[in-house]
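Just target_39.txt here, compact mmCIF, C-alpha atoms:
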# COMPACT_ATOMS: atom_id res chain seq x y z
CA GLU J 213 -128.57 137.39 108.39
CA GLN J 214 -126.39 135.83 105.70
CA ASP J 215 -124.85 132.41 106.40
CA TRP J 216 -123.02 131.61 103.15
CA SER J 217 -121.34 128.45 104.45
CA ASN J 218 -124.50 127.35 106.33
CA LEU J 219 -122.83 127.10 109.74
CA ASN J 220 -126.28 127.03 111.33
CA TYR J 221 -127.28 123.83 109.53
CA TYR J 222 -125.64 121.47 112.04
CA ARG J 223 -125.02 123.90 114.91
CA SER J 224 -127.73 122.52 117.22
CA LYS J 225 -126.88 118.89 116.43
CA ASN J 226 -123.22 119.59 117.18
CA LEU J 227 -124.15 121.08 120.55
CA GLU J 228 -126.25 118.03 121.40
CA LEU J 229 -123.41 115.67 120.51
CA SER J 230 -121.36 114.53 123.49
CA SER J 231 -117.60 114.07 123.43
CA PRO J 232 -116.42 110.70 122.10
CA LYS J 233 -116.58 107.88 124.63
CA LYS J 234 -113.43 106.04 125.62
CA ASN J 235 -112.23 103.87 122.73
CA GLU J 236 -114.90 105.32 120.42
CA LYS J 237 -113.74 105.39 116.81
CA ARG J 238 -115.74 108.41 115.67
CA VAL J 239 -115.81 109.09 111.94
CA VAL J 240 -117.18 112.29 110.35
CA PHE J 241 -118.31 112.36 106.73
CA MET J 242 -117.84 115.85 105.25
CA GLY J 243 -119.49 116.58 101.94
CA ASN J 244 -122.39 117.82 99.85
CA SER J 245 -125.73 116.28 98.83
CA ILE J 246 -124.04 113.00 97.89
CA THR J 247 -122.94 112.66 101.50
CA GLU J 248 -126.12 114.09 103.03
CA GLY J 249 -128.34 111.80 100.94
CA TRP J 250 -126.39 108.75 102.08
CA SER J 251 -128.18 108.78 105.45
CA THR J 252 -131.55 108.97 103.69
CA LEU J 253 -131.14 106.29 101.04
CA GLN J 254 -128.93 103.94 103.05
CA PRO J 255 -129.46 104.72 106.76
CA GLU J 256 -128.27 101.26 107.80
CA PHE J 257 -124.72 102.24 106.86
CA PHE J 258 -124.69 104.79 109.70
CA GLU J 259 -126.94 103.07 112.26
CA GLY J 260 -125.20 101.56 115.26
CA LYS J 261 -121.83 103.05 114.32
CA PRO J 262 -120.01 106.16 115.51
CA TYR J 263 -120.47 107.67 112.04
CA ILE J 264 -121.56 111.31 111.81
CA ASN J 265 -122.94 112.73 108.56
CA ARG J 266 -122.09 116.38 107.94
CA GLY J 267 -123.04 116.71 104.30
CA ILE J 268 -124.98 119.74 103.05
CA SER J 269 -126.77 119.69 99.71
CA GLY J 270 -125.40 122.00 97.04
CA GLN J 271 -122.22 122.94 98.87
CA THR J 272 -118.86 123.67 97.29
CA THR J 273 -115.38 123.20 98.74
CA PRO J 274 -114.90 126.81 99.98
CA GLN J 275 -118.14 126.52 101.97
CA MET J 276 -117.00 123.23 103.49
CA LEU J 277 -113.62 124.69 104.33
CA ILE J 278 -115.25 127.48 106.33
CA ARG J 279 -117.35 125.08 108.39
CA PHE J 280 -114.66 122.38 108.69
CA ARG J 281 -113.60 123.36 112.20
CA GLN J 282 -117.14 123.50 113.55
CA ASP J 283 -118.50 120.43 111.76
CA VAL J 284 -115.43 118.19 111.88
CA ILE J 285 -112.57 119.21 114.17
CA ASP J 286 -114.72 120.26 117.12
CA LEU J 287 -116.48 116.87 117.04
CA GLN J 288 -113.14 115.17 117.90
CA PRO J 289 -113.28 112.30 115.41
CA LYS J 290 -110.55 109.74 114.87
CA LEU J 291 -111.10 110.00 111.11
CA VAL J 292 -112.71 112.26 108.52
CA VAL J 293 -113.96 111.16 105.09
CA ILE J 294 -113.95 114.11 102.67
CA LEU J 295 -116.08 113.87 99.52
CA ALA J 296 -116.26 117.19 97.68
CA GLY J 297 -115.78 119.04 94.42
CA ILE J 298 -118.63 118.13 92.09
CA ASN J 299 -120.64 121.27 92.88
CA ASP J 300 -117.60 123.46 92.28
CA ILE J 301 -117.35 121.99 88.79
CA ALA J 302 -121.07 122.68 88.31
CA GLY J 303 -120.47 126.31 89.24
CA ASN J 304 -122.84 126.36 92.23
CA THR J 305 -121.04 129.26 93.91
CA GLY J 306 -119.40 130.75 90.85
CA PRO J 307 -116.62 129.73 88.47
CA SER J 308 -113.80 127.57 89.82
CA ASN J 309 -110.92 125.66 88.31
CA VAL J 310 -109.33 122.35 89.27
CA ALA J 311 -106.56 124.02 91.28
CA MET J 312 -109.07 125.94 93.39
CA ILE J 313 -111.07 122.77 94.08
CA THR J 314 -108.12 120.57 95.00
CA ASN J 315 -106.46 123.31 97.07
CA ASN J 316 -109.57 123.62 99.23
CA ILE J 317 -109.73 119.85 99.74
CA MET J 318 -106.03 119.79 100.61
CA SER J 319 -106.58 122.58 103.12
CA MET J 320 -109.32 120.56 104.82
CA ALA J 321 -107.03 117.54 104.92
CA GLU J 322 -104.21 119.57 106.44
CA LEU J 323 -106.52 121.06 109.07
CA ALA J 324 -107.54 117.54 110.05
CA LYS J 325 -103.98 116.24 110.12
CA SER J 326 -102.81 119.14 112.31
CA ASN J 327 -105.50 118.13 114.79
CA ASN J 328 -104.47 114.46 114.83
CA ILE J 329 -107.42 113.35 112.73
CA LYS J 330 -106.81 110.65 110.12
CA VAL J 331 -107.87 111.59 106.61
CA ILE J 332 -109.62 109.80 103.76
CA ILE J 333 -109.80 111.87 100.58
CA SER J 334 -112.51 110.56 98.28
CA SER J 335 -112.49 110.74 94.52
CA ILE J 336 -115.11 112.91 92.88
CA LEU J 337 -117.85 110.68 91.51
CA PRO J 338 -118.34 110.46 87.72
CA ALA J 339 -120.82 112.80 86.02
CA LYS J 340 -121.37 113.40 82.31
CA ASP J 341 -123.48 116.53 82.78
CA PHE J 342 -125.49 118.44 85.38
CA PRO J 343 -129.31 118.50 85.15
CA TRP J 344 -129.41 121.88 86.91
CA ASN J 345 -126.60 123.42 84.81
CA PRO J 346 -126.12 121.55 81.51
CA GLY J 347 -123.27 122.01 79.09
CA MET J 348 -120.42 122.23 81.65
CA ASN J 349 -118.57 119.13 80.32
CA PRO J 350 -117.44 117.91 83.78
CA PRO J 351 -115.50 114.69 82.90
CA PRO J 352 -112.12 116.33 82.11
CA LYS J 353 -112.17 118.37 85.32
CA ILE J 354 -113.25 115.36 87.39
CA LEU J 355 -110.44 113.21 85.98
CA SER J 356 -107.85 115.94 86.52
CA ALA J 357 -108.97 116.68 90.08
CA ASN J 358 -108.99 113.00 91.01
CA GLN J 359 -105.47 112.52 89.67
CA ILE J 360 -104.22 115.46 91.77
CA LEU J 361 -106.04 114.25 94.90
CA LYS J 362 -104.71 110.72 94.51
CA SER J 363 -101.14 111.99 94.16
CA TYR J 364 -101.53 114.36 97.10
CA ALA J 365 -102.91 111.60 99.34
CA SER J 366 -100.05 109.28 98.44
CA THR J 367 -97.39 111.93 99.03
CA ASN J 368 -98.86 112.88 102.40
CA LYS J 369 -99.55 109.32 103.61
CA MET J 370 -103.30 109.78 103.54
CA THR J 371 -105.87 107.38 102.10
CA TYR J 372 -107.36 107.99 98.66
CA LEU J 373 -110.80 106.40 98.37
CA ASP J 374 -111.53 105.64 94.72
CA TYR J 375 -115.28 105.56 94.17
CA TYR J 376 -114.86 106.77 90.59
CA SER J 377 -113.36 103.61 89.07
CA SER J 378 -116.15 101.40 90.41
CA MET J 379 -119.00 103.70 89.35
CA VAL J 380 -118.01 105.10 85.94
CA ASP J 381 -119.24 103.79 82.57
CA ASP J 382 -117.50 103.80 79.19
CA ASN J 383 -118.59 107.41 78.55
CA ASN J 384 -117.15 108.84 81.76
CA ALA J 385 -120.68 109.05 83.18
CA LEU J 386 -122.18 107.62 86.36
CA LYS J 387 -123.42 104.13 85.58
CA ASP J 388 -127.20 104.10 85.10
CA GLU J 389 -127.64 101.37 87.70
CA TYR J 390 -125.95 103.55 90.35
CA GLY J 391 -127.88 106.79 89.91
CA SER J 392 -131.07 108.23 88.43
CA ASP J 393 -129.96 111.75 87.45
CA GLY J 394 -126.37 111.13 86.39
CA VAL J 395 -124.88 112.80 89.47
CA HIS J 396 -126.46 111.51 92.68
CA PRO J 397 -126.19 107.85 93.71
CA ASN J 398 -129.27 105.72 94.27
CA LYS J 399 -129.54 102.91 96.81
CA GLU J 400 -127.39 100.60 94.69
CA GLY J 401 -124.79 103.31 94.24
CA TYR J 402 -124.56 103.91 97.96
CA GLU J 403 -124.16 100.18 98.55
CA VAL J 404 -121.06 100.21 96.36
CA MET J 405 -119.75 103.30 98.17
CA SER J 406 -120.42 101.72 101.55
CA LEU J 407 -118.32 98.67 100.78
CA LEU J 408 -115.41 100.80 99.60
CA ALA J 409 -115.68 103.28 102.47
CA GLU J 410 -115.99 100.62 105.17
CA ARG J 411 -112.93 98.83 103.86
CA ALA J 412 -110.86 102.03 103.92
CA ILE J 413 -112.12 103.05 107.38
CA ASN J 414 -111.46 99.65 108.94
CA LYS J 415 -107.98 99.44 107.47
CA ILE J 416 -106.98 102.77 108.99
CA LEU J 417 -108.54 102.26 112.42
CA ASP J 418 -107.68 98.57 112.83
CA ASP J 419 -104.07 98.97 111.75
CA GLU J 420 -103.70 102.09 113.90
CA ASN J 421 -104.81 100.13 116.98
CA TYR J 422 -102.46 97.28 116.13
CA ARG J 423 -99.47 99.56 115.70
CA LYS J 424 -100.28 101.42 118.92
CA LYS J 425 -100.47 98.16 120.83
CA TYR J 426 -97.01 97.12 119.69
CA SER J 427 -95.56 100.61 119.98
CA ASP J 428 -96.65 100.70 123.65
CA LYS J 429 -94.79 97.44 124.23
CA SER J 430 -91.64 98.52 122.43
CA LYS J 431 -89.59 99.18 125.57
CA GLU J 432 -90.50 95.80 126.97
CA LEU J 433 -89.72 93.94 123.79
CA ALA J 434 -86.64 95.86 122.66
CA GLY J 435 -83.52 94.06 123.78
CA LYS J 436 -85.40 90.87 124.63
CA ASN J 437 -86.37 89.77 121.14
CA THR J 438 -84.14 89.15 118.19
CA TRP J 439 -84.77 91.11 115.01
CA GLU J 440 -86.30 88.03 113.38
CA GLU J 441 -88.73 87.48 116.27
CA ILE J 442 -89.89 91.08 116.18
CA VAL J 443 -90.55 91.06 112.43
CA LYS J 444 -92.29 87.69 112.76
CA GLN J 445 -94.83 89.31 115.08
CA TYR J 446 -95.52 91.97 112.48
CA ASN J 447 -95.64 89.51 109.64
CA GLU J 448 -98.46 87.65 111.43
CA HIS J 449 -100.59 90.75 110.91
CA PHE J 450 -99.17 92.54 107.86
CA VAL J 451 -98.47 91.31 104.36
CA LEU J 452 -94.72 91.63 104.02
CA ALA J 453 -92.91 90.25 100.99
CA GLU J 454 -89.46 88.71 101.41
CA LYS J 455 -87.72 91.61 99.66
CA GLU J 456 -89.54 94.05 101.95
CA LEU J 457 -88.42 92.09 105.01
CA ASN J 458 -84.84 92.29 103.78
CA GLN J 459 -85.21 96.01 103.16
CA ILE J 460 -86.55 96.54 106.67
CA LYS J 461 -83.65 94.56 108.10
CA GLN J 462 -81.16 96.71 106.21
CA GLU J 463 -82.78 100.02 107.09
CA THR J 464 -83.70 99.45 110.75
CA ASP J 465 -81.71 98.49 113.80
CA SER J 466 -84.20 98.80 116.66
CA TYR J 467 -87.77 97.88 117.50
CA LYS J 468 -88.98 101.48 117.49
CA LYS J 469 -87.56 102.00 114.02
CA ILE J 470 -89.32 98.86 112.79
CA VAL J 471 -92.63 100.18 114.18
CA LYS J 472 -92.12 103.52 112.44
CA TYR J 473 -90.97 101.95 109.18
CA ILE J 474 -93.99 99.68 108.83
CA SER J 475 -96.36 102.46 109.90
CA ASP J 476 -94.91 104.91 107.37
CA LYS J 477 -95.05 102.37 104.56
CA GLY J 478 -98.73 101.64 105.28
CA TYR J 479 -98.61 97.88 104.71
CA VAL J 480 -101.94 96.17 104.16
CA SER J 481 -103.14 94.03 107.06
CA LYS J 482 -104.05 90.41 106.46
CA ARG J 483 -107.46 91.10 107.94
CA GLU J 484 -108.01 93.63 105.14
CA LEU J 485 -107.46 90.92 102.52
CA LYS J 486 -110.00 88.49 104.01
Translate this structure into structure tokens?
Amino acid sequence: EQDWSNLNYYRSKNLELSSPKKNEKRVVFMGNSITEGWSTLQPEFFEGKPYINRGISGQTTPQMLIRFRQDVIDLQPKLVVILAGINDIAGNTGPSNVAMITNNIMSMAELAKSNNIKVIISSILPAKDFPWNPGMNPPPKILSANQILKSYASTNKMTYLDYYSSMVDDNNALKDEYGSDGVHPNKEGYEVMSLLAERAINKILDDENYRKKYSDKSKELAGKNTWEEIVKQYNEHFVLAEKELNQIKQETDSYKKIVKYISDKGYVSKRELK
């Protein structure tokens, strides 16, 4: 029986997985061998956290898109981290262009968003060539895809996680210290990725909880606090420049609008800068 997208790979593990506990901040990592190998070479990144690895070696974005509902949405995470595209460029399941790759990643992101799952879209990691399929000249496609994904994430108020800039050398290749075959990270490479991923995850989940807390209190606070007192509460948590405070004051006239404005703008929390 053919299973092109490998739906059977995680089927039993998904069935064994219980629904998220109250206040659990479940995160699913969707990807290929770079994601799957993360649990092997750096298991401590996942241990003791509600992080679920759903990477499958060799997979391309159309295969991930098919299994996205089963391996991500049905697991009811708060957040999904999507890292995909390198195997498409390598031609693992046939020829594909940048538009095909990015469209599939966007479709996964939109499926997540429509199910109230926060989205982190990761950059494709640098690669100069593929040991299993040499001569493909991946750097131009990687750079083009990453530019499109970054723009898409910004336009749609999603998070773009830039691994590429921290892991690329002067020749558009994966730095030697971060990988042994030019494509897959080693332990040191995953340590870099972990720092970047953890920072992005914590920013989304921590700020979401903060905004929810104040949104729930909006009726109580509205009408009792002056505009300056309300913004002061936010400024204790978020980094707001004076010109931004003035802009908020001009564009908002109620507490609920202030909550929405700051949420939409995605201001960086002070905790994130520590």
Taking all atoms of region 319-338 of chain J that the file lists and extending 4 Å past them on each side, where is the centre of the axis-aligned box and how long are its edges? Answer in Å to one decimal, as AutoDock Vina command-line options.
--center_x -110.6 --center_y 116.2 --center_z 101.3 --size_x 23.5 --size_y 20.8 --size_z 35.1
- Non-local contacts of region 249-251 of chain J (12 Å; only C-alpha atoms; under 5 positions in same chain excluded) as a list in words: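 The residues satisfying every condition are Phe241, Met242, Gly243, Asn244, Glu256, Phe257, Phe258, Glu259, Tyr263, Ile264, Asn265, Arg266, Gly267, Ile268, Ser269, Gly270, Leu295, His396, Pro397, Asn398, Lys399, Glu400, Gly401, Tyr402, Glu403, Val404, Met405 and Ser406 of chain J.
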- Query: Of the candidates J:Gln359, J:Asn316, J:Asn299, J:Asn328, which shows the shortest atom-to-atom distance to Trp344 (chain J), using all atoms listed in the file?
  - Reply: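 With all atoms listed in the file as the atom set, the closest residue is J:Asn299.
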- Contacts of Tyr221 (chain J) at 10 Å or less, counting all atoms listed in the file, minus same-chain residues fewer than 3 places along, as number ranges by chain? J: 215, 217-218, 224-226, 266-268, 283
- One-decimal distance in Å that lies between CA of Arg223 (chain J) and CA of Ser319 (chain J):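 Computing the Euclidean distance for CA of Ser319 (chain J) and CA of Arg223 (chain J) yields 21.9 Å.
For Asn327 (chain J), the residues within 9 Å (counting all atoms listed in the file, excluding itself and residues fewer than 5 positions away along the chain) are Ile285, Gln288 and Glu322 of chain J.
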- Message: Give me, as a list in words, all polymer residues having an atom no more than 9 Å from region 347-350 of chain J, counting all atoms listed in the file and skipping those fewer than 4 positions away in the same chain.
- Response: Ile298, Ile301, Ala302, Gly303, Pro338, Ala339, Lys340, Asp341, Phe342, Ile354 and Leu355 of chain J
Suppose we keep C-alpha atoms; can you now write the selection as an mmCIF file, in the frame of the given file?
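Result saved to part.cif:
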data_model
loop_
_atom_site.group_PDB
_atom_site.id
_atom_site.type_symbol
_atom_site.label_atom_id
_atom_site.label_comp_id
_atom_site.auth_asym_id
_atom_site.auth_seq_id
_atom_site.Cartn_x
_atom_site.Cartn_y
_atom_site.Cartn_z
ATOM 1 C CA ILE J 298 -118.630 118.130 92.090
ATOM 2 C CA ILE J 301 -117.350 121.990 88.790
ATOM 3 C CA ALA J 302 -121.070 122.680 88.310
ATOM 4 C CA GLY J 303 -120.470 126.310 89.240
ATOM 5 C CA PRO J 338 -118.340 110.460 87.720
ATOM 6 C CA ALA J 339 -120.820 112.800 86.020
ATOM 7 C CA LYS J 340 -121.370 113.400 82.310
ATOM 8 C CA ASP J 341 -123.480 116.530 82.780
ATOM 9 C CA PHE J 342 -125.490 118.440 85.380
ATOM 10 C CA ILE J 354 -113.250 115.360 87.390
ATOM 11 C CA LEU J 355 -110.440 113.210 85.980
#
- Query: Counting only C-alpha atoms, which of J:Thr371, J:Ala412, J:Gln275, J:Asp286 gets nearest to Leu323 (chain J)?
  - Reply: J:Asp286
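Minimum distance to Thr247 (chain J) across J:Met318, J:Ile313, J:Leu361, J:Leu337 (counting all atoms listed in the file) occurs at J:Leu337.
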- Message: Could you check the closest approach to Pro343 (chain J) for each of J:Asp388, J:Asp393, J:Asp374, J:Asp300 and tell me which residue wins, using all atoms listed in the file?
- Response: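 Using all atoms listed in the file, the shortest distance to Pro343 (chain J) belongs to J:Asp393.
When only C-alpha atoms are used to compute distances to Gly394 (chain J), the closest of the residues J:Pro346, J:Ser377, J:Thr273, J:Lys261 turns out to be J:Pro346.
Each of J:Leu227, J:Ile332, J:Ala357, J:Met312 was checked against Gln282 (chain J) using all atoms listed in the file; the smallest atom-to-atom distance is that of J:Leu227.
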- Message: So the first atom is CA of Val240 (chain J) and the second is CA of Val310 (chain J); what is the distance between them in Å, to one decimal place?
- Response: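 Here the two named atoms are 24.6 Å from each other.
CA of Ile333 (chain J) sits 14.5 Å away from CA of Lys290 (chain J).
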